[in-house]
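Undergrad: First the structure, which I've put down as structure tokens, then a few questions once you've had a look.
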Number of protein chains: 4
Amino acid sequence: MDQKTVTFLIKCPDQEGIIATLTGFFFGEGYNIISLQQYTNVKEKKFFMRICIATNRQITKDLEEKFEKLSKDFSMEWKIDYGDKIQKVAIMVSHTSHNLYDLLSKYKEGMLPCEVVMVVSNHEKLRPVAEMFGIPFYYAPVSNETRLQQEKDLIDLFDKNKIDLIVMARYMQILTSNFIEHYPFKIINIHHSFLPAFQGANPYMRAYERGVKLIGATAHYATEDLDEGPIIEQDVERVTHESTVGALKSIGADIETMVLSKAVKFHLNNQVIVDGNKAIVFPET
Amino acid sequence: MDQKTVTFLIKCPDQEGIIATLTGFFFGEGYNIISLQQYTNVKEKKFFMRICIATNRQITKDLEEKFEKLSKDFSMEWKIDYGDKIQKVAIMVSHTSHNLYDLLSKYKEGMLPCEVVMVVSNHEKLRPVAEMFGIPFYYAPVSNETRLQQEKDLIDLFDKNKIDLIVMARYMQILTSNFIEHYPFKIINIHHSFLPAFQGANPYMRAYERGVKLIGATAHYATEDLDEGPIIEQDVERVTHESTVGALKSIGADIETMVLSKAVKFHLNNQVIVDGNKAIVFPET
Amino acid sequence: MDQKTVTFLIKCPDQEGIIATLTGFFFGEGYNIISLQQYTNVKEKKFFMRICIATNRQITKDLEEKFEKLSKDFSMEWKIDYGDKIQKVAIMVSHTSHNLYDLLSKYKEGMLPCEVVMVVSNHEKLRPVAEMFGIPFYYAPVSNETRLQQEKDLIDLFDKNKIDLIVMARYMQILTSNFIEHYPFKIINIHHSFLPAFQGANPYMRAYERGVKLIGATAHYATEDLDEGPIIEQDVERVTHESTVGALKSIGADIETMVLSKAVKFHLNNQVIVDGNKAIVFPET
Amino acid sequence: MDQKTVTFLIKCPDQEGIIATLTGFFFGEGYNIISLQQYTNVKEKKFFMRICIATNRQITKDLEEKFEKLSKDFSMEWKIDYGDKIQKVAIMVSHTSHNLYDLLSKYKEGMLPCEVVMVVSNHEKLRPVAEMFGIPFYYAPVSNETRLQQEKDLIDLFDKNKIDLIVMARYMQILTSNFIEHYPFKIINIHHSFLPAFQGANPYMRAYERGVKLIGATAHYATEDLDEGPIIEQDVERVTHESTVGALKSIGADIETMVLSKAVKFHLNNQVIVDGNKAIVFPET
């Protein structure tokens, strides 16, 4: 039984009959819908759907062409994932290692449906970690003066290796819009605070000074504006006045790892549709 | 614009084409689907759907008859709520007042889409609370010897008042299967622990003795087996070794109120489908 | 056995021997320490202590005088609560009722160790709620032009009634520094967001637009700067893209009630010491 | 400035003057108390203290002897950690790798104050993980027939290597009381449920069948009774009806790693005192 699972991610203006039409299309084509998730934003009249279909038949470009016609009728934006190509991931790091260890461990355990192609860093410090896990490590130092060149080199490196997703795992350098525009919604960043609180530098120190009773971490798509992109996942942990800044960093590290690896998994599993500056995240099926 | 919103709750064995057929049915009948939530348990081959449709037209028994035919084809169990009849609720209490205050406050604020018809108790203690909120109070004392008669009287009282939902808000008497069978999945109970931990009596004391680091509360449909029915909602709060039993009760009270009122709202909003001993809870739309 | 429990709240620069000296003082005076909580901020060299002592003897001003001498040696700031006077509370509201219902319910249940003397509002809307609970209601309308006069009248009213704590339970008017300076760290406000995110107006709408995955509420002492004062307690709940602004407000209401009533209880129980712009909150004993 | 930090963990019946006497003792001996945490269980009349003292002086057995005398007066049980000896840890595993990866990653990052001396397993499967991290791996197969011998060999191995703490990181074999008695409160186990719910085998499957809305994990000291020992730490995550058993295992894996590594850290940092079947856990300082 050589079943293929194909995933469609669809968004369009909400219109009467859209669910009936879409489901009728796949059923009429002889595909079985194994998973259907949709969300209608009634107020803003927007419709979002994630649909997984299965068939024994060979799924050819034929389906895409028929669907293309349908999509024009409803002004749909859509993506199709045939599930036959593994996504290639690059992880970018600086000094902090906990996210890198966590992502590479989960990767080794087979928990991340991707191929981690490389680890890139502006420091040498974490090279041994990448090497321990058998992942190629690229040293890409950068300064304000060399930033544009470094980004150009990274774009070349990523494009040559057909990178599908860039994970900034506490990579602490600003990315210019030059870089970000190359990978729209293909860069996931972990920010070590509960956004939109404490955007920018030193969030743990600032959380400490504010005397918050909870700290958090947020995984989001990197956009031109620092820490402003669509939030994919975030979580918090309780702290007290007794928590030193060091304790906050230590407690925060665990939240960062959980949140970032969840967000990366959601993305790799095609569970995310970006809507404006928000991320619709369909639950795992 | 006199739009009616009608809610269908449907469950049946999963079959090919079921989503397409169902959505096609309503669309074909000229109704607009304003909200569709469904869940397929792939492993157990079960399908569940909550569908809200809207129309300006008069929705008549006509729709029910046509749907009835369709439902036979798919071996569906289904319920329809025309949204034109307010559900009548009876709250049962004993000594503890926090759930009663919370439910009646939310009711007064218009946060519970129902009519609270009465408060029933095996003690007089909480009569003043019901009266303060202007709700009729019925004193229904009970002992082991009088239990069956008391339950018979309650069934008469509830049936006479066309009670749709019974909320056991820390009502501390056992209900016999005699009573429960009258109201299948129409009795919501709050148990002051995180089920299935600490079923039965004195859960806070037992939580204290076990030295747990979290305590919780669980709202579930009452079934014949004590504290075993389908769980609708549950939540926990962190505690430490410093928490006395009194502190646990105090912290627990807040969890109980939040969990019970959420569960009651889910039920009143037709967000719940019972599957075996589990409750499918569709998110609020 | 006519035991009195007296609570001291103490803060001073951290110095060698301070715990030994303090505990030795009370023990030497023949008092039994029934509860001692302290926290040393090593980095900032600050010491905080909450100590509850018990005795059968009559505690006279004698103890205060002896302690005064000791406190000078260590440059202490301190407060003493003999536990023989019930704190008088005024609750200020505007349109939103859930916090008011919750505080008055908990008050009626005896869960708030205080006397709720009055409810004050700039609208008439919530008068029936106060009256239902048998609490005097004062209507204090205000506009930009009448603000200073209204605040003057409120100060007169509160001072005449010897109000110890003012709880702003979704009172939506700005308080000028003129008012706040009268009641330093005696005004607790609930802000319907997880501070410092979404300070100011319409936090639920802004949380919705930001697409956060968690929303929260924060109880803090009101200071001159809006939503900037020491945080006493805060909490969050998970939300998704499916949550409309209305759903956020509904979910948020439960967080607001829990957080505000917790903060009020902490304050009334002398569990809080303010340090700069932070609140040290000793756990319940 | 060659400061030593010495930690005392003390428990005894609560008695008048105990805090004053203890703090007075250290201060009188010329030591500075840098951290003092204590908890009095008033109802059960038990007293617990964790006190960290610092001095430039050489701390000799002298202190222990003087303290010994004091401790007899108050019937204290006590432990002293001079902080000059690193604790040796053995990790036991079977098939599941996420806890092992997490502990070894945190160890490599310097987040666990210990020396991980070995990984022991009844299967060969996880040898590559240990070797990747450069930790010696011991294969210790076991069956019902060979259990006592295997445990004897393990005891020999652990004693020879002076193991201070054994971490059962999803080691799935029962340990007999023969083994456990050798290491009282020196074996930390992670159970993949929120105890006391779902003790024993297959907790994720049983959580799925019960239809709980939260799943959890619990780290506890292993005692003779399976899953019954003092709970050190536990936590939960929200799940829904949509979560398959596989999804529960995946979500649960993250909770297990966080909870187990926290518990191990608490133990290594001397933050835990066992009281009967409960664990007093002093917050991190």
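Ordered as shown in the structure tokens, chains take letters A, B, and onward, while each chain numbers its residues from 1 and ligands are numbered from 1 in the order shown.
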Applying 9 Å and only C-alpha atoms, which residues near B:Thr7 remain after dropping the ones on its own chain fewer than 4 positions away? List them as a list in words.

TA: Arg50, Ile51, Cys52, Ile53, Lys79, Ile80, Asp81, Tyr82, Gly83 and Asn270 of chain B

Undergrad: What lies within 9 Å of D:Gln15 using only C-alpha atoms, ignoring chain neighbours under 3 positions off, as a PyMOL selection string?

TA: chain D and resi 12+18-19+45-47+74

Undergrad: Next, the residues of the selection above should be written as a PDB file, in the first residue's frame with C-alpha atoms.

TA:
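Contents of result-v3.pdb, freshly written:
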```pdb
ATOM      1  CA  CYS D  12      14.473  18.406  63.572  1.00  0.00           C
ATOM      2  CA  ILE D  18      15.849  27.104  67.136  1.00  0.00           C
ATOM      3  CA  ILE D  19      16.354  29.732  64.452  1.00  0.00           C
ATOM      4  CA  LYS D  45       5.923  20.631  64.504  1.00  0.00           C
ATOM      5  CA  LYS D  46       8.844  19.989  62.160  1.00  0.00           C
ATOM      6  CA  PHE D  47      11.627  22.345  61.294  1.00  0.00           C
ATOM      7  CA  PHE D  74      17.849  19.813  69.267  1.00  0.00           C
TER       8      PHE D  74
END
```

Undergrad: Which of stretch 91-264 of chain C end up as strand (DSSP E) when DSSP is run on this backbone - answer as a PDB file with N, CA and C atoms, in the first residue's frame?

TA:
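As written to disk, result-v1.pdb reads:
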```pdb
ATOM      1  N   ILE C  91     -13.067  49.800  46.909  1.00  0.00           N
ATOM      2  CA  ILE C  91     -12.903  49.241  45.557  1.00  0.00           C
ATOM      3  C   ILE C  91     -13.405  50.259  44.551  1.00  0.00           C
ATOM      4  N   MET C  92     -12.567  50.562  43.562  1.00  0.00           N
ATOM      5  CA  MET C  92     -12.969  51.521  42.530  1.00  0.00           C
ATOM      6  C   MET C  92     -13.207  50.798  41.214  1.00  0.00           C
ATOM      7  N   VAL C  93     -14.346  51.100  40.590  1.00  0.00           N
ATOM      8  CA  VAL C  93     -14.723  50.429  39.344  1.00  0.00           C
ATOM      9  C   VAL C  93     -15.246  51.424  38.324  1.00  0.00           C
ATOM     10  N   GLU C 115     -12.169  44.738  55.716  1.00  0.00           N
ATOM     11  CA  GLU C 115     -13.553  45.178  55.655  1.00  0.00           C
ATOM     12  C   GLU C 115     -13.701  45.984  54.375  1.00  0.00           C
ATOM     13  N   VAL C 116     -14.549  45.533  53.479  1.00  0.00           N
ATOM     14  CA  VAL C 116     -14.788  46.322  52.270  1.00  0.00           C
ATOM     15  C   VAL C 116     -15.784  47.413  52.649  1.00  0.00           C
ATOM     16  N   VAL C 117     -15.296  48.620  52.740  1.00  0.00           N
ATOM     17  CA  VAL C 117     -16.097  49.726  53.264  1.00  0.00           C
ATOM     18  C   VAL C 117     -16.986  50.342  52.193  1.00  0.00           C
ATOM     19  N   MET C 118     -16.495  50.380  50.949  1.00  0.00           N
ATOM     20  CA  MET C 118     -17.276  51.046  49.916  1.00  0.00           C
ATOM     21  C   MET C 118     -16.830  50.637  48.531  1.00  0.00           C
ATOM     22  N   VAL C 119     -17.736  50.839  47.602  1.00  0.00           N
ATOM     23  CA  VAL C 119     -17.416  50.729  46.185  1.00  0.00           C
ATOM     24  C   VAL C 119     -17.602  52.120  45.607  1.00  0.00           C
ATOM     25  N   VAL C 120     -16.607  52.586  44.844  1.00  0.00           N
ATOM     26  CA  VAL C 120     -16.673  53.916  44.247  1.00  0.00           C
ATOM     27  C   VAL C 120     -16.590  53.778  42.739  1.00  0.00           C
ATOM     28  N   SER C 121     -17.403  54.528  42.015  1.00  0.00           N
ATOM     29  CA  SER C 121     -17.362  54.408  40.558  1.00  0.00           C
ATOM     30  C   SER C 121     -17.653  55.730  39.881  1.00  0.00           C
ATOM     31  N   PHE C 137     -22.287  52.330  47.995  1.00  0.00           N
ATOM     32  CA  PHE C 137     -21.807  52.697  46.665  1.00  0.00           C
ATOM     33  C   PHE C 137     -21.756  54.211  46.532  1.00  0.00           C
ATOM     34  N   TYR C 138     -20.622  54.721  46.080  1.00  0.00           N
ATOM     35  CA  TYR C 138     -20.487  56.156  45.873  1.00  0.00           C
ATOM     36  C   TYR C 138     -20.264  56.440  44.401  1.00  0.00           C
ATOM     37  N   TYR C 139     -21.098  57.290  43.866  1.00  0.00           N
ATOM     38  CA  TYR C 139     -20.990  57.682  42.465  1.00  0.00           C
ATOM     39  C   TYR C 139     -20.071  58.906  42.391  1.00  0.00           C
ATOM     40  N   LEU C 165      -6.529  50.582  52.049  1.00  0.00           N
ATOM     41  CA  LEU C 165      -6.150  50.040  50.736  1.00  0.00           C
ATOM     42  C   LEU C 165      -7.217  50.380  49.709  1.00  0.00           C
ATOM     43  N   ILE C 166      -6.766  50.860  48.563  1.00  0.00           N
ATOM     44  CA  ILE C 166      -7.673  51.159  47.461  1.00  0.00           C
ATOM     45  C   ILE C 166      -7.416  50.152  46.348  1.00  0.00           C
ATOM     46  N   VAL C 167      -8.465  49.447  45.949  1.00  0.00           N
ATOM     47  CA  VAL C 167      -8.308  48.455  44.887  1.00  0.00           C
ATOM     48  C   VAL C 167      -8.966  48.981  43.618  1.00  0.00           C
ATOM     49  N   MET C 168      -8.137  49.209  42.595  1.00  0.00           N
ATOM     50  CA  MET C 168      -8.694  49.658  41.321  1.00  0.00           C
ATOM     51  C   MET C 168      -9.022  48.431  40.484  1.00  0.00           C
ATOM     52  N   ILE C 187      -2.418  51.524  46.698  1.00  0.00           N
ATOM     53  CA  ILE C 187      -3.367  51.405  45.590  1.00  0.00           C
ATOM     54  C   ILE C 187      -2.921  50.240  44.728  1.00  0.00           C
ATOM     55  N   ILE C 188      -3.784  49.220  44.627  1.00  0.00           N
ATOM     56  CA  ILE C 188      -3.474  48.068  43.773  1.00  0.00           C
ATOM     57  C   ILE C 188      -4.353  48.154  42.538  1.00  0.00           C
ATOM     58  N   ASN C 189      -3.712  48.074  41.373  1.00  0.00           N
ATOM     59  CA  ASN C 189      -4.447  48.163  40.112  1.00  0.00           C
ATOM     60  C   ASN C 189      -4.333  46.842  39.360  1.00  0.00           C
ATOM     61  N   ILE C 190      -5.385  46.471  38.653  1.00  0.00           N
ATOM     62  CA  ILE C 190      -5.303  45.325  37.746  1.00  0.00           C
ATOM     63  C   ILE C 190      -5.230  45.851  36.318  1.00  0.00           C
ATOM     64  N   HIS C 191      -4.166  45.447  35.622  1.00  0.00           N
ATOM     65  CA  HIS C 191      -4.066  45.822  34.209  1.00  0.00           C
ATOM     66  C   HIS C 191      -4.274  44.567  33.383  1.00  0.00           C
ATOM     67  N   LEU C 214      -0.328  33.758  24.158  1.00  0.00           N
ATOM     68  CA  LEU C 214      -0.710  33.783  25.569  1.00  0.00           C
ATOM     69  C   LEU C 214      -1.182  35.200  25.879  1.00  0.00           C
ATOM     70  N   ILE C 215      -2.227  35.322  26.676  1.00  0.00           N
ATOM     71  CA  ILE C 215      -2.601  36.642  27.183  1.00  0.00           C
ATOM     72  C   ILE C 215      -2.548  36.599  28.697  1.00  0.00           C
ATOM     73  N   GLY C 216      -2.491  37.748  29.325  1.00  0.00           N
ATOM     74  CA  GLY C 216      -2.365  37.748  30.773  1.00  0.00           C
ATOM     75  C   GLY C 216      -2.956  38.959  31.434  1.00  0.00           C
ATOM     76  N   ALA C 217      -2.796  38.999  32.746  1.00  0.00           N
ATOM     77  CA  ALA C 217      -3.212  40.135  33.540  1.00  0.00           C
ATOM     78  C   ALA C 217      -2.182  40.352  34.631  1.00  0.00           C
ATOM     79  N   THR C 218      -2.059  41.587  35.088  1.00  0.00           N
ATOM     80  CA  THR C 218      -1.029  41.959  36.060  1.00  0.00           C
ATOM     81  C   THR C 218      -1.610  42.848  37.140  1.00  0.00           C
ATOM     82  N   ALA C 219      -1.383  42.482  38.388  1.00  0.00           N
ATOM     83  CA  ALA C 219      -1.772  43.338  39.507  1.00  0.00           C
ATOM     84  C   ALA C 219      -0.511  44.014  40.030  1.00  0.00           C
ATOM     85  N   HIS C 220      -0.589  45.321  40.188  1.00  0.00           N
ATOM     86  CA  HIS C 220       0.598  46.081  40.602  1.00  0.00           C
ATOM     87  C   HIS C 220       0.200  47.275  41.449  1.00  0.00           C
ATOM     88  N   TYR C 221       1.148  47.806  42.209  1.00  0.00           N
ATOM     89  CA  TYR C 221       0.896  49.050  42.937  1.00  0.00           C
ATOM     90  C   TYR C 221       0.890  50.192  41.916  1.00  0.00           C
ATOM     91  N   ILE C 231       5.186  45.064  40.369  1.00  0.00           N
ATOM     92  CA  ILE C 231       4.266  43.991  40.044  1.00  0.00           C
ATOM     93  C   ILE C 231       4.137  43.053  41.241  1.00  0.00           C
ATOM     94  N   ILE C 232       2.894  42.828  41.671  1.00  0.00           N
ATOM     95  CA  ILE C 232       2.648  41.948  42.812  1.00  0.00           C
ATOM     96  C   ILE C 232       2.367  40.524  42.332  1.00  0.00           C
ATOM     97  N   GLU C 233       1.567  40.418  41.286  1.00  0.00           N
ATOM     98  CA  GLU C 233       1.238  39.092  40.756  1.00  0.00           C
ATOM     99  C   GLU C 233       0.793  39.212  39.304  1.00  0.00           C
ATOM    100  N   GLN C 234       1.074  38.200  38.509  1.00  0.00           N
ATOM    101  CA  GLN C 234       0.598  38.163  37.140  1.00  0.00           C
ATOM    102  C   GLN C 234       0.481  36.716  36.684  1.00  0.00           C
ATOM    103  N   ASP C 235      -0.336  36.514  35.694  1.00  0.00           N
ATOM    104  CA  ASP C 235      -0.526  35.172  35.178  1.00  0.00           C
ATOM    105  C   ASP C 235      -0.995  35.229  33.732  1.00  0.00           C
ATOM    106  N   VAL C 236      -0.893  34.091  33.043  1.00  0.00           N
ATOM    107  CA  VAL C 236      -1.263  34.046  31.636  1.00  0.00           C
ATOM    108  C   VAL C 236      -2.141  32.840  31.339  1.00  0.00           C
ATOM    109  N   GLU C 237      -2.787  32.874  30.186  1.00  0.00           N
ATOM    110  CA  GLU C 237      -3.549  31.728  29.674  1.00  0.00           C
ATOM    111  C   GLU C 237      -3.242  31.600  28.187  1.00  0.00           C
ATOM    112  N   ARG C 238      -3.319  30.363  27.710  1.00  0.00           N
ATOM    113  CA  ARG C 238      -3.020  30.120  26.315  1.00  0.00           C
ATOM    114  C   ARG C 238      -4.220  30.473  25.444  1.00  0.00           C
TER     115      ARG C 238
END
```

Undergrad: So the first atom is atom CA of A:Val42 and the second is atom CA of B:Thr55; what is the distance between them in Å, to one decimal place?

TA: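 Computing the Euclidean distance for atom CA of A:Val42 and atom CA of B:Thr55 yields 15.3 Å.
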
Undergrad: Can you tell me which residues surround stretch 274-280 of chain C at a distance of at most 10 Å, considering only C-alpha atoms, apart from same-chain residues fewer than 6 positions away, and format the answer as a ChimeraX atom specification?

TA: /A:208-213,240-242 /C:11,38-39,46,48-49,185,220-221,223,228-233

Undergrad: Please provide the set of residues having any atom within 10 Å of B:Ser105, restricted to only C-alpha atoms, with same-chain residues fewer than 5 positions apart removed, written as a list in words.

TA: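 My reading of the contact set: Asn99, Leu100, Gly110, Met111, Leu112 and Phe133 of chain B; Ser97, His98, Leu100, Tyr101, Asp102, Ser105 and Val129 of chain C.
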
Undergrad: Let's see if you can do this: from backbone DSSP, list all alpha helix (DSSP H) residues in stretch 17-215 of chain B, as JSON, numbers by chain.

TA: {"B": [18, 19, 20, 21, 22, 23, 24, 25, 26, 27, 28, 61, 62, 63, 64, 65, 66, 67, 68, 69, 70, 71, 72, 73, 98, 99, 100, 101, 102, 103, 104, 105, 106, 107, 108, 127, 128, 129, 130, 131, 132, 147, 148, 149, 150, 151, 152, 153, 154, 155, 156, 157, 158, 159, 160, 177, 178, 179, 180, 203, 204, 205, 206, 207, 208, 209, 210]}

Undergrad: What are the residues of chain A lining chain B at 9 Å or less? Count only C-alpha atoms, and put the answer as number ranges by chain.

TA: A: 16-17, 19-28, 31-40, 42

Undergrad: Quick one: pull the distance between atom CA of A:Leu9 and atom CA of A:Phe282, Å, one decimal.

TA: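 Atom-to-atom, atom CA of A:Leu9 to atom CA of A:Phe282, that is 10.4 Å.
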
Undergrad: Could you tell me how far atom CA of A:Pro184 sits from atom CA of A:Pro136, in Å to one decimal place?

TA: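 Separating atom CA of A:Pro136 from atom CA of A:Pro184 is a distance of 24.6 Å.
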
Undergrad: For B:Pro141, which of B:Ser94, B:Glu109, B:Phe194, B:Ile273 is the closest residue, counting only C-alpha atoms?

TA: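 Of all the options, B:Ser94 lies closest to B:Pro141.
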
Undergrad: Using only C-alpha atoms for the distances, tell me which of B:Phe266, B:Asp62, B:Met258, B:Ser250 is nearest to C:Lys106.

TA: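 Among the listed residues, B:Ser250 lies closest to C:Lys106.
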
Undergrad: Report as a VMD selection string all protein, DNA and RNA residues lying within 10 Å of stretch 142-144 of chain C, evaluated on only C-alpha atoms, omitting residues in the same chain fewer than 4 positions from it.

TA: chain C and resid 121 to 123 148 to 151 173 to 174
